[in-house]
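Engineer: This is the content of protein.csv (CSV, C-alpha atoms and all ligand atoms):
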```
chain,number,residue,atom,x,y,z
A,1,MET,CA,-45.1,-73.5,98.1
A,2,ARG,CA,-43.0,-76.5,99.1
A,3,THR,CA,-44.3,-80.0,98.6
A,4,ARG,CA,-42.8,-83.5,98.6
A,5,PHE,CA,-43.2,-86.9,97.1
A,6,ALA,CA,-42.5,-89.6,99.7
A,7,PRO,CA,-42.2,-93.1,98.2
A,8,SER,CA,-41.3,-96.1,100.3
A,9,PRO,CA,-38.4,-98.0,98.7
A,10,THR,CA,-40.1,-101.4,99.1
A,11,GLY,CA,-41.0,-102.0,95.5
A,12,PRO,CA,-41.1,-100.4,92.0
A,13,LEU,CA,-43.0,-97.2,91.2
A,14,HIS,CA,-46.3,-97.9,89.4
A,15,LEU,CA,-48.7,-95.7,87.6
A,16,GLY,CA,-50.3,-94.6,90.9
A,17,HIS,CA,-47.0,-93.3,92.2
A,18,ALA,CA,-46.3,-91.6,88.9
A,19,PHE,CA,-49.7,-89.9,89.1
A,20,SER,CA,-49.0,-88.7,92.6
A,21,ALA,CA,-45.5,-87.5,91.9
A,22,ILE,CA,-46.4,-85.7,88.6
A,23,THR,CA,-49.5,-84.1,90.2
A,24,ALA,CA,-47.4,-82.7,93.1
A,25,HIS,CA,-44.6,-81.7,90.7
A,26,ASP,CA,-46.9,-79.9,88.2
A,27,MET,CA,-48.8,-78.1,91.0
A,28,VAL,CA,-45.6,-76.8,92.6
A,29,ARG,CA,-43.8,-75.9,89.3
A,30,ALA,CA,-46.8,-73.9,88.2
A,31,THR,CA,-46.2,-71.6,91.3
A,32,GLY,CA,-42.4,-71.5,91.2
A,33,GLY,CA,-42.3,-73.4,94.4
A,34,GLN,CA,-40.1,-76.3,95.4
A,35,PHE,CA,-40.5,-80.0,95.0
A,36,LEU,CA,-38.7,-82.3,97.4
A,37,LEU,CA,-38.1,-86.1,97.4
A,38,ARG,CA,-38.4,-88.0,100.7
A,39,ILE,CA,-37.3,-91.6,100.9
A,40,ASP,CA,-39.8,-93.2,103.3
A,41,ASP,CA,-37.5,-96.0,104.5
A,42,ILE,CA,-38.5,-96.0,108.1
A,43,ASP,CA,-39.3,-99.7,107.8
A,44,GLN,CA,-35.7,-100.9,107.5
A,45,SER,CA,-36.8,-104.5,107.3
A,46,ARG,CA,-38.5,-103.9,104.0
A,47,ALA,CA,-36.6,-101.0,102.4
A,48,ARG,CA,-33.9,-101.8,99.8
A,49,PRO,CA,-31.3,-99.5,98.2
A,50,GLU,CA,-32.0,-101.1,94.8
A,51,TRP,CA,-35.6,-99.9,95.0
A,52,GLU,CA,-34.5,-96.4,96.0
A,53,ASP,CA,-32.2,-96.4,92.9
A,54,LEU,CA,-34.9,-97.5,90.6
A,55,ILE,CA,-37.4,-94.9,92.1
A,56,THR,CA,-35.0,-92.0,91.5
A,57,GLU,CA,-34.2,-93.3,88.0
A,58,ASP,CA,-37.9,-93.6,87.1
A,59,LEU,CA,-38.7,-90.1,88.5
A,60,ALA,CA,-35.9,-88.6,86.5
A,61,TRP,CA,-37.0,-90.5,83.4
A,62,LEU,CA,-40.5,-89.0,83.9
A,63,GLY,CA,-38.9,-85.6,83.8
A,64,LEU,CA,-39.2,-84.7,87.4
A,65,THR,CA,-36.5,-82.7,89.3
A,66,TRP,CA,-36.2,-82.1,93.0
A,67,ASP,CA,-34.7,-79.0,94.6
A,68,GLU,CA,-32.7,-80.5,97.4
A,69,PRO,CA,-30.9,-83.8,98.0
A,70,PRO,CA,-33.4,-86.6,98.9
A,71,TRP,CA,-34.3,-86.7,102.5
A,72,ARG,CA,-33.8,-90.2,103.8
A,73,GLN,CA,-35.8,-91.2,106.9
A,74,SER,CA,-33.1,-93.7,107.9
A,75,ASP,CA,-30.7,-90.7,108.4
A,76,HIS,CA,-33.1,-89.3,111.1
A,77,LEU,CA,-34.0,-92.3,113.2
A,78,SER,CA,-32.4,-91.0,116.4
A,79,ASP,CA,-34.4,-87.7,116.0
A,80,TYR,CA,-37.7,-89.6,115.8
A,81,ARG,CA,-36.7,-91.8,118.7
A,82,ALA,CA,-35.8,-88.7,120.8
A,83,ILE,CA,-39.4,-87.5,120.4
A,84,VAL,CA,-40.8,-90.8,121.4
A,85,GLU,CA,-38.6,-90.8,124.5
A,86,HIS,CA,-39.6,-87.2,125.2
A,87,LEU,CA,-43.3,-88.2,125.2
A,88,ALA,CA,-42.6,-91.3,127.2
A,89,GLY,CA,-40.8,-89.0,129.7
A,90,ARG,CA,-43.9,-86.9,130.0
A,91,ASP,CA,-45.8,-90.1,130.8
A,92,LEU,CA,-48.0,-89.9,127.7
A,93,THR,CA,-47.2,-93.3,126.2
A,94,TYR,CA,-47.6,-96.9,127.0
A,95,PRO,CA,-46.1,-100.2,125.7
A,96,CYS,CA,-48.4,-102.4,123.7
A,97,SER,CA,-48.0,-106.0,122.9
A,98,CYS,CA,-51.3,-106.5,121.0
A,99,THR,CA,-51.1,-108.3,117.7
A,100,ARG,CA,-53.4,-107.5,114.8
A,101,ARG,CA,-55.3,-110.6,115.8
A,102,ASP,CA,-55.7,-109.5,119.4
A,103,ILE,CA,-57.1,-106.2,118.2
A,104,ALA,CA,-59.4,-108.0,115.8
A,105,GLU,CA,-60.6,-110.3,118.5
A,106,ALA,CA,-61.2,-107.5,121.0
A,107,ALA,CA,-63.1,-105.6,118.3
A,108,ALA,CA,-65.2,-108.6,117.4
A,109,ALA,CA,-66.4,-109.1,121.0
A,110,PRO,CA,-70.3,-109.2,120.9
A,111,GLN,CA,-70.7,-106.1,123.0
A,112,GLU,CA,-68.5,-104.1,120.6
A,113,GLY,CA,-70.9,-104.3,117.6
A,114,THR,CA,-69.6,-104.2,114.0
A,115,PRO,CA,-65.8,-103.9,114.0
A,116,LYS,CA,-64.7,-100.4,112.8
A,117,HIS,CA,-61.6,-99.6,110.7
A,118,GLY,CA,-59.5,-96.5,110.9
A,119,PRO,CA,-56.4,-95.4,109.0
A,120,ASP,CA,-54.3,-97.9,110.9
A,121,GLY,CA,-56.6,-100.9,110.5
A,122,ARG,CA,-59.0,-101.8,113.3
A,123,ILE,CA,-59.6,-99.1,115.9
A,124,TYR,CA,-57.5,-99.8,118.8
A,125,PRO,CA,-59.7,-100.6,121.8
A,126,GLY,CA,-57.1,-99.4,124.4
A,127,THR,CA,-56.3,-102.9,125.8
A,128,CYS,CA,-52.8,-102.0,127.0
A,129,ARG,CA,-53.6,-98.4,128.1
A,130,GLY,CA,-52.1,-97.7,131.5
A,131,ARG,CA,-49.3,-100.2,131.3
A,132,PRO,CA,-46.1,-98.7,132.6
A,133,MET,CA,-43.2,-98.0,130.2
A,134,SER,CA,-41.0,-100.1,132.5
A,135,ASP,CA,-42.8,-103.1,130.9
A,136,TRP,CA,-41.5,-102.1,127.4
A,137,THR,CA,-39.2,-104.4,125.5
A,138,GLU,CA,-37.9,-104.2,121.9
A,139,GLY,CA,-40.6,-106.4,120.5
A,140,MET,CA,-43.4,-104.1,121.7
A,141,ALA,CA,-45.0,-101.1,120.2
A,142,ILE,CA,-45.3,-97.7,121.9
A,143,ARG,CA,-48.7,-96.0,121.8
A,144,LEU,CA,-49.8,-92.5,122.6
A,145,ASP,CA,-52.4,-92.2,125.3
A,146,LEU,CA,-54.6,-89.7,123.4
A,147,ALA,CA,-56.9,-88.7,126.2
A,148,LYS,CA,-54.0,-87.9,128.5
A,149,ALA,CA,-51.9,-86.2,125.8
A,150,LEU,CA,-54.6,-84.1,124.1
A,151,PRO,CA,-57.6,-83.8,126.5
A,152,ASP,CA,-58.8,-80.6,124.9
A,153,LEU,CA,-58.0,-81.4,121.3
A,154,ASP,CA,-60.0,-79.3,118.9
A,155,VAL,CA,-58.1,-78.3,115.8
A,156,GLY,CA,-58.6,-78.0,112.1
A,157,PHE,CA,-56.9,-78.4,108.8
A,158,THR,CA,-57.6,-77.3,105.2
A,159,GLU,CA,-58.2,-79.7,102.4
A,160,THR,CA,-58.0,-78.6,98.8
A,161,GLY,CA,-58.4,-82.0,97.1
A,162,PRO,CA,-61.4,-82.4,94.8
A,163,ALA,CA,-63.3,-85.1,96.9
A,164,ARG,CA,-63.4,-83.3,100.3
A,165,ALA,CA,-62.3,-79.7,99.8
A,166,GLY,CA,-62.9,-77.4,102.7
A,167,PRO,CA,-62.1,-77.0,106.4
A,168,HIS,CA,-62.0,-80.1,108.6
A,169,ARG,CA,-62.1,-80.4,112.3
A,170,VAL,CA,-60.3,-82.9,114.6
A,171,THR,CA,-61.3,-83.4,118.2
A,172,LEU,CA,-60.4,-86.0,120.9
A,173,ALA,CA,-63.8,-87.6,120.5
A,174,THR,CA,-63.5,-88.1,116.8
A,175,LEU,CA,-60.0,-89.4,117.0
A,176,LEU,CA,-60.8,-91.9,119.7
A,177,ALA,CA,-63.8,-93.1,117.8
A,178,GLN,CA,-62.1,-93.3,114.4
A,179,VAL,CA,-58.5,-94.3,115.2
A,180,GLY,CA,-57.9,-95.1,118.9
A,181,ASP,CA,-54.5,-94.5,120.6
A,182,PRO,CA,-52.0,-94.4,117.7
A,183,VAL,CA,-48.7,-96.2,117.5
A,184,LEU,CA,-45.7,-93.9,117.9
A,185,ALA,CA,-43.1,-96.7,117.4
A,186,ARG,CA,-43.6,-100.1,116.0
A,187,PRO,CA,-41.8,-103.1,117.4
A,188,HIS,CA,-38.1,-103.0,116.4
A,189,MET,CA,-38.6,-99.7,114.6
A,190,ALA,CA,-37.6,-96.1,115.6
A,191,ALA,CA,-40.9,-94.6,115.0
A,192,SER,CA,-44.2,-95.1,113.2
A,193,TYR,CA,-45.1,-93.7,109.8
A,194,HIS,CA,-47.5,-91.1,111.3
A,195,LEU,CA,-44.9,-89.7,113.7
A,196,SER,CA,-42.0,-89.7,111.2
A,197,VAL,CA,-44.2,-88.0,108.6
A,198,VAL,CA,-45.2,-85.1,110.8
A,199,LEU,CA,-41.7,-84.6,112.0
A,200,ASP,CA,-40.4,-84.7,108.4
A,201,ASP,CA,-43.1,-82.4,107.0
A,202,ALA,CA,-42.1,-79.8,109.7
A,203,ALA,CA,-38.3,-80.3,109.3
A,204,GLN,CA,-38.6,-80.0,105.5
A,205,ALA,CA,-40.8,-76.9,105.9
A,206,ILE,CA,-43.5,-78.5,103.7
A,207,THR,CA,-46.4,-76.0,103.0
A,208,HIS,CA,-48.6,-78.4,100.9
A,209,VAL,CA,-48.9,-82.1,101.3
A,210,ILE,CA,-50.2,-83.6,98.0
A,211,ARG,CA,-50.9,-87.3,98.1
A,212,GLY,CA,-53.5,-90.0,97.4
A,213,GLU,CA,-56.9,-89.9,99.0
A,214,ASP,CA,-56.3,-93.2,100.7
A,215,LEU,CA,-54.3,-91.1,103.3
A,216,PHE,CA,-57.1,-88.6,103.9
A,217,GLU,CA,-58.2,-90.5,107.1
A,218,ALA,CA,-54.7,-90.5,108.4
A,219,THR,CA,-54.6,-86.7,108.2
A,220,GLN,CA,-56.6,-86.1,111.3
A,221,LEU,CA,-54.2,-88.2,113.3
A,222,GLN,CA,-51.2,-86.4,111.8
A,223,ARG,CA,-52.9,-83.1,112.6
A,224,ALA,CA,-53.3,-84.2,116.2
A,225,LEU,CA,-49.6,-85.1,116.4
A,226,GLN,CA,-48.7,-81.6,115.0
A,227,ALA,CA,-50.8,-80.1,117.8
A,228,LEU,CA,-49.1,-82.2,120.4
A,229,LEU,CA,-45.6,-81.4,119.2
A,230,GLY,CA,-46.3,-77.7,118.4
A,231,LEU,CA,-45.6,-78.2,114.7
A,232,PRO,CA,-47.0,-76.1,111.8
A,233,THR,CA,-49.9,-77.6,109.7
A,234,PRO,CA,-49.5,-77.7,106.0
A,235,ILE,CA,-52.4,-77.4,103.6
A,236,TYR,CA,-53.5,-80.9,102.4
A,237,HIS,CA,-54.5,-82.0,98.9
A,238,HIS,CA,-55.6,-85.6,98.5
A,239,HIS,CA,-55.9,-86.6,94.9
A,240,ARG,CA,-57.9,-89.4,93.2
A,241,LEU,CA,-56.3,-92.9,93.0
A,242,ILE,CA,-55.3,-94.7,89.9
A,243,ARG,CA,-57.2,-98.0,89.7
A,244,ASP,CA,-56.8,-101.1,87.7
A,245,ASP,CA,-59.4,-102.4,85.2
A,246,THR,CA,-61.4,-104.0,88.0
A,247,GLY,CA,-61.5,-100.8,90.0
A,248,LYS,CA,-59.0,-101.9,92.6
A,249,ARG,CA,-56.4,-99.4,93.5
A,250,LEU,CA,-52.8,-100.2,92.4
A,251,ALA,CA,-50.4,-101.5,95.0
A,252,LYS,CA,-46.7,-102.3,95.0
A,253,ARG,CA,-47.3,-105.9,94.0
A,254,ASP,CA,-48.8,-104.8,90.7
A,255,ASP,CA,-45.5,-105.1,89.0
A,256,ALA,CA,-47.2,-105.4,85.7
A,257,ARG,CA,-47.9,-101.7,85.9
A,258,ALA,CA,-44.4,-100.8,87.1
A,259,ILE,CA,-43.0,-97.7,85.4
A,260,ARG,CA,-39.9,-99.8,84.7
A,261,THR,CA,-42.0,-102.3,82.7
A,262,TYR,CA,-43.5,-99.5,80.5
A,263,ARG,CA,-40.0,-98.1,80.0
A,264,ASP,CA,-38.7,-101.4,78.9
A,265,GLU,CA,-41.6,-101.8,76.5
A,266,GLY,CA,-40.7,-98.5,74.8
A,267,ALA,CA,-43.2,-96.1,76.3
A,268,THR,CA,-42.4,-92.4,76.6
A,269,PRO,CA,-43.0,-90.2,79.6
A,270,ALA,CA,-45.8,-88.5,77.5
A,271,ASP,CA,-47.4,-92.0,77.1
A,272,ILE,CA,-47.4,-92.4,80.9
A,273,ARG,CA,-49.0,-89.0,81.4
A,274,ARG,CA,-51.7,-90.0,78.9
A,275,MET,CA,-52.4,-93.3,80.6
A,276,ILE,CA,-53.1,-91.6,83.9
A,277,GLY,CA,-55.2,-88.9,82.5
A,278,LEU,CA,-52.7,-86.0,82.8
B,301,LIG,N1,-44.6,-93.5,102.0
B,301,LIG,C1,-46.0,-93.1,102.1
B,301,LIG,C2,-46.8,-93.8,101.0
B,301,LIG,O1,-46.2,-94.4,100.1
B,301,LIG,C3,-46.1,-91.6,102.0
B,301,LIG,C4,-47.3,-91.1,102.6
B,301,LIG,C5,-47.3,-89.6,102.6
B,301,LIG,O2,-47.1,-88.9,101.5
B,301,LIG,O3,-47.5,-89.0,103.7
B,301,LIG,O4,-48.0,-93.9,101.0
```
Take the structure in the file and write it out as structure tokens.
Ligand code: GLU
Structural biologist:
Amino acid sequence: MRTRFAPSPTGPLHLGHAFSAITAHDMVRATGGQFLLRIDDIDQSRARPEWEDLITEDLAWLGLTWDEPPWRQSDHLSDYRAIVEHLAGRDLTYPCSCTRRDIAEAAAAPQEGTPKHGPDGRIYPGTCRGRPMSDWTEGMAIRLDLAKALPDLDVGFTETGPARAGPHRVTLATLLAQVGDPVLARPHMAASYHLSVVLDDAAQAITHVIRGEDLFEATQLQRALQALLGLPTPIYHHHRLIRDDTGKRLAKRDDARAIRTYRDEGATPADIRRMIGL
């Protein structure tokens, strides 16, 4: 068993991250497998080395160890880009200049009914589909034309998390209805989160992806990208989320619950485990 914890160095680790990292670490250590650390710094405009330092410090303080040097996405940008270019060369991509607002407006058109949301926000209605890649400039995204790339898509993945354990199926129809053509590269970025994560999970030979259930919906898209690129599929385990007193899930901005703050206040790693029910 090989799993990974993949924080984005865009803020401090909070109790939700600690829960995710400790859950994955405990599961893998119980089997004698390996735990890896991936620094998800694909978004170079938001990632900061100071946050990365604090993240590794917090994880070590929590008692976690990782078996290989951290895998930093910023060291692999040209590999991700090569895949985007390969897919573009097969004529499976198109440039997209739609803003979030454009997508929201298209989705709010009366004939579209209630706007639907997928793992990447509103379902992309395909506005730019068919645009030639010769139109592409740095400020545009690159999307995958799903119907062209995966016309016969019908694959599965196994989920072992408590909420939705069992086999799950992913088809072209479900993906188009629930996600729309996904972004492979954001403007001014080498690749999107979804593309980089499937490439990294394969490159790091991850057998089990253990992460929060907010990413369950993203899994079907990631499974489709694995099918497209001929990559192996790990087993997925989406765990419960840590929520604040009002039931809202913790986010980076919840600095009040930063591990750093608890450390400064004199908490021990055992206190943190207790607070998150471990
Ligand atoms: N950096 C992502 C996050 O913080 C990682 C997602 C994943 O584990 O695939 O949510």
Engineer: Could I get the residue neighbourhood of ligand LIG 301 (chain B) at 7 Å, counting all atoms listed in the file, as a list in words?
Structural biologist: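 Checked against 7 Å with all atoms listed in the file; the hits are Phe5, Ala6, Pro7, Ser8, Asp40, Val197 and Arg211 of chain A.
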Engineer: Any chance you can output those residues with C-alpha atoms as an mmCIF file, in the frame of the given file?
Structural biologist:
```cif
data_model
loop_
_atom_site.group_PDB
_atom_site.id
_atom_site.type_symbol
_atom_site.label_atom_id
_atom_site.label_comp_id
_atom_site.auth_asym_id
_atom_site.auth_seq_id
_atom_site.Cartn_x
_atom_site.Cartn_y
_atom_site.Cartn_z
ATOM 1 C CA PHE A 5 -43.200 -86.900 97.100
ATOM 2 C CA ALA A 6 -42.500 -89.600 99.700
ATOM 3 C CA PRO A 7 -42.200 -93.100 98.200
ATOM 4 C CA SER A 8 -41.300 -96.100 100.300
ATOM 5 C CA ASP A 40 -39.800 -93.200 103.300
ATOM 6 C CA VAL A 197 -44.200 -88.000 108.600
ATOM 7 C CA ARG A 211 -50.900 -87.300 98.100
#
```
Engineer: Go through A:Val209, A:Leu229, A:Leu150, A:Met275 and flag the residue nearest Asp244 (chain A), using only C-alpha atoms for the distances.
Structural biologist: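 Comparing A:Val209, A:Leu229, A:Leu150, A:Met275 against Asp244 (chain A), the winner is A:Met275.
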Engineer: Taking into account all atoms listed in the file, which residue in the set A:Trp51, A:Phe19, A:Phe157, A:Tyr80 is nearest to Leu195 (chain A)?
Structural biologist: A:Tyr80
Engineer: If you count all atoms listed in the file, which residues fall within 8 Å of Arg46 (chain A), apart from same-chain ones fewer than 3 positions away, as a PyMOL selection string?
Structural biologist: chain A and resi 9-10+41+43
Engineer: Kindly indicate which residue among A:Gly118, A:Pro49, A:Pro162, A:Gly139 lies nearest to Ala177 (chain A), using all atoms listed in the file for the distances.
Structural biologist: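 Smallest distance to Ala177 (chain A) is found for A:Gly118.
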